[in-house]
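Enquirer: Dropping a structure here in structure tokens format, bear with me for questions.
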Amino acid sequence: MQKVSLYTMSLLFVLAGLNHFLHKEFYIKIMPSWIGFHEQLVIVSGVFEILFALLLLPSQTRRFASWGLILLLITVFPANIQMMLNYVNQHHSNLWISIVRLPIQILLIWWAYTFAKKSF
């Protein structure tokens, strides 16, 4: 079961990272205005999502990758809050998705942590 969880998380983050390149404008729009270099940060975060996802697979790099994903998830949390605020202001029909994403970030942090403390 641990291997299924590991491969699922890795695949999820590879796809999420690729999505930063396929739908860059979406991510740029949810960046808080007080943060600069929006396009560059979207690209960098996509690269790190893919990198850490792949580094989860070998047991030798799993702990490093887990902590990398945890830090990345914490770092991008302001963009998720900004997305929710944007949707509130726009009366967006997908506001509920932006609200649900917030606690999901916490679950993803916990999930990544499960790999930080184990090597199998």
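Chains: A, B, ... in order of the structure tokens. Residues: from 1 per chain. Ligands: from 1, in order shown.
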Quick one: pick out all helix (DSSP H, G or I) residues within chain A from a backbone DSSP run and write them as a PyMOL selection string.
Expert: chain A and resi 2-22+24-29+38-55+62-75+77-90+95-116
Enquirer: Write out as number ranges by chain which residues come within 10 Å of Tyr87 of chain A when counting only C-alpha atoms, dropping same-chain ones fewer than 4 positions away.
Expert: A: 30, 81-83, 91-99
Enquirer: I'd like the contact shell of Arg63 of chain A - 10 Å cut-off, only C-alpha atoms, skipping same-chain residues fewer than 5 positions apart - returned as a PDB file with N, CA, C and O atoms, in the first residue's frame.
Expert:
ATOM      1  N   LEU A  55      12.125  12.716  -7.352  1.00  0.00           N
ATOM      2  CA  LEU A  55      13.065  12.362  -6.289  1.00  0.00           C
ATOM      3  C   LEU A  55      12.404  11.598  -5.140  1.00  0.00           C
ATOM      4  O   LEU A  55      13.097  11.030  -4.294  1.00  0.00           O
ATOM      5  N   LEU A  56      11.081  11.570  -5.117  1.00  0.00           N
ATOM      6  CA  LEU A  56      10.380  10.759  -4.122  1.00  0.00           C
ATOM      7  C   LEU A  56      10.601   9.266  -4.366  1.00  0.00           C
ATOM      8  O   LEU A  56      10.583   8.473  -3.426  1.00  0.00           O
ATOM      9  N   PRO A  58      13.249   7.177  -5.592  1.00  0.00           N
ATOM     10  CA  PRO A  58      14.375   6.438  -5.001  1.00  0.00           C
ATOM     11  C   PRO A  58      14.408   6.627  -3.480  1.00  0.00           C
ATOM     12  O   PRO A  58      14.239   7.747  -2.984  1.00  0.00           O
ATOM     13  N   GLY A  68      11.186  18.810   0.574  1.00  0.00           N
ATOM     14  CA  GLY A  68      11.075  19.787  -0.513  1.00  0.00           C
ATOM     15  C   GLY A  68       9.629  20.048  -0.883  1.00  0.00           C
ATOM     16  O   GLY A  68       9.217  21.195  -1.070  1.00  0.00           O
ATOM     17  N   LEU A  69       8.836  18.977  -0.981  1.00  0.00           N
ATOM     18  CA  LEU A  69       7.410  19.142  -1.299  1.00  0.00           C
ATOM     19  C   LEU A  69       6.678  19.871  -0.180  1.00  0.00           C
ATOM     20  O   LEU A  69       5.818  20.726  -0.440  1.00  0.00           O
ATOM     21  N   ALA A 112       2.964  14.163   2.264  1.00  0.00           N
ATOM     22  CA  ALA A 112       4.401  14.255   1.971  1.00  0.00           C
ATOM     23  C   ALA A 112       5.214  13.924   3.223  1.00  0.00           C
ATOM     24  O   ALA A 112       6.244  13.238   3.139  1.00  0.00           O
ATOM     25  N   TYR A 113       4.741  14.332   4.378  1.00  0.00           N
ATOM     26  CA  TYR A 113       5.452  14.057   5.623  1.00  0.00           C
ATOM     27  C   TYR A 113       5.534  12.566   5.897  1.00  0.00           C
ATOM     28  O   TYR A 113       6.504  12.094   6.478  1.00  0.00           O
ATOM     29  N   THR A 114       4.512  11.819   5.501  1.00  0.00           N
ATOM     30  CA  THR A 114       4.557  10.369   5.725  1.00  0.00           C
ATOM     31  C   THR A 114       5.752   9.732   5.024  1.00  0.00           C
ATOM     32  O   THR A 114       6.248   8.699   5.478  1.00  0.00           O
ATOM     33  N   PHE A 115       6.233  10.325   3.966  1.00  0.00           N
ATOM     34  CA  PHE A 115       7.405   9.808   3.257  1.00  0.00           C
ATOM     35  C   PHE A 115       8.700  10.372   3.826  1.00  0.00           C
ATOM     36  O   PHE A 115       9.773   9.830   3.597  1.00  0.00           O
ATOM     37  N   ALA A 116       8.621  11.458   4.569  1.00  0.00           N
ATOM     38  CA  ALA A 116       9.817  12.068   5.157  1.00  0.00           C
ATOM     39  C   ALA A 116      10.351  11.227   6.309  1.00  0.00           C
ATOM     40  O   ALA A 116      11.534  11.249   6.589  1.00  0.00           O
ATOM     41  N   LYS A 117       9.487  10.503   6.950  1.00  0.00           N
ATOM     42  CA  LYS A 117       9.931   9.765   8.130  1.00  0.00           C
ATOM     43  C   LYS A 117      10.156   8.274   7.863  1.00  0.00           C
ATOM     44  O   LYS A 117      10.611   7.569   8.738  1.00  0.00           O
ATOM     45  N   LYS A 118       9.863   7.805   6.647  1.00  0.00           N
ATOM     46  CA  LYS A 118      10.016   6.389   6.341  1.00  0.00           C
ATOM     47  C   LYS A 118      10.872   6.203   5.103  1.00  0.00           C
ATOM     48  O   LYS A 118      10.852   7.005   4.184  1.00  0.00           O
ATOM     49  N   SER A 119      11.562   5.115   5.102  1.00  0.00           N
ATOM     50  CA  SER A 119      12.260   4.703   3.909  1.00  0.00           C
ATOM     51  C   SER A 119      11.921   3.246   3.688  1.00  0.00           C
ATOM     52  O   SER A 119      12.086   2.420   4.581  1.00  0.00           O
TER      53      SER A 119
END
Enquirer: With only C-alpha atoms as the basis for distance, which of A:Met31, A:Leu6, A:Ile109, A:Leu41 is at the shortest distance from Asn86 of chain A?
Expert: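 Answer, going by the shortest atom-to-atom distance: A:Met31.
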Enquirer: Pick the closest to Phe48 of chain A from A:Ile70, A:Leu22, A:Ile35, A:Leu107: which is it, counting only C-alpha atoms?
Expert: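 Nearest candidate to Phe48 of chain A out of A:Ile70, A:Leu22, A:Ile35, A:Leu107: A:Ile70.
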Enquirer: Using only C-alpha atoms, which residue out of A:Gln105, A:Asn89, A:Ser45, A:Ser66 lies closest to Leu18 of chain A?
Expert: A:Ser45
Enquirer: Counting only C-alpha atoms, what is within 12 Å of Leu108 of chain A, bar same-chain residues fewer than 6 positions away, as a list in words?
Expert: Ser5, Thr8, Met9, Ser10, Leu12, Phe13, Ser66, Trp67, Leu69, Ile70, Leu71, Leu72, Leu73, Ile74, Phe77, Arg101, Leu102, Thr114 and Phe115 of chain A
Enquirer: With only C-alpha atoms as the basis for distance, which of A:Lys29, A:His38, A:Arg62, A:His23 is at the shortest distance from Tyr7 of chain A?
Expert: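 Nearest to Tyr7 of chain A: A:Arg62.
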Enquirer: Of the residues A:Val88, A:Leu15, A:Ile28, A:Val76, which is the one nearest to Leu54 of chain A, using only C-alpha atoms?
Expert: A:Leu15
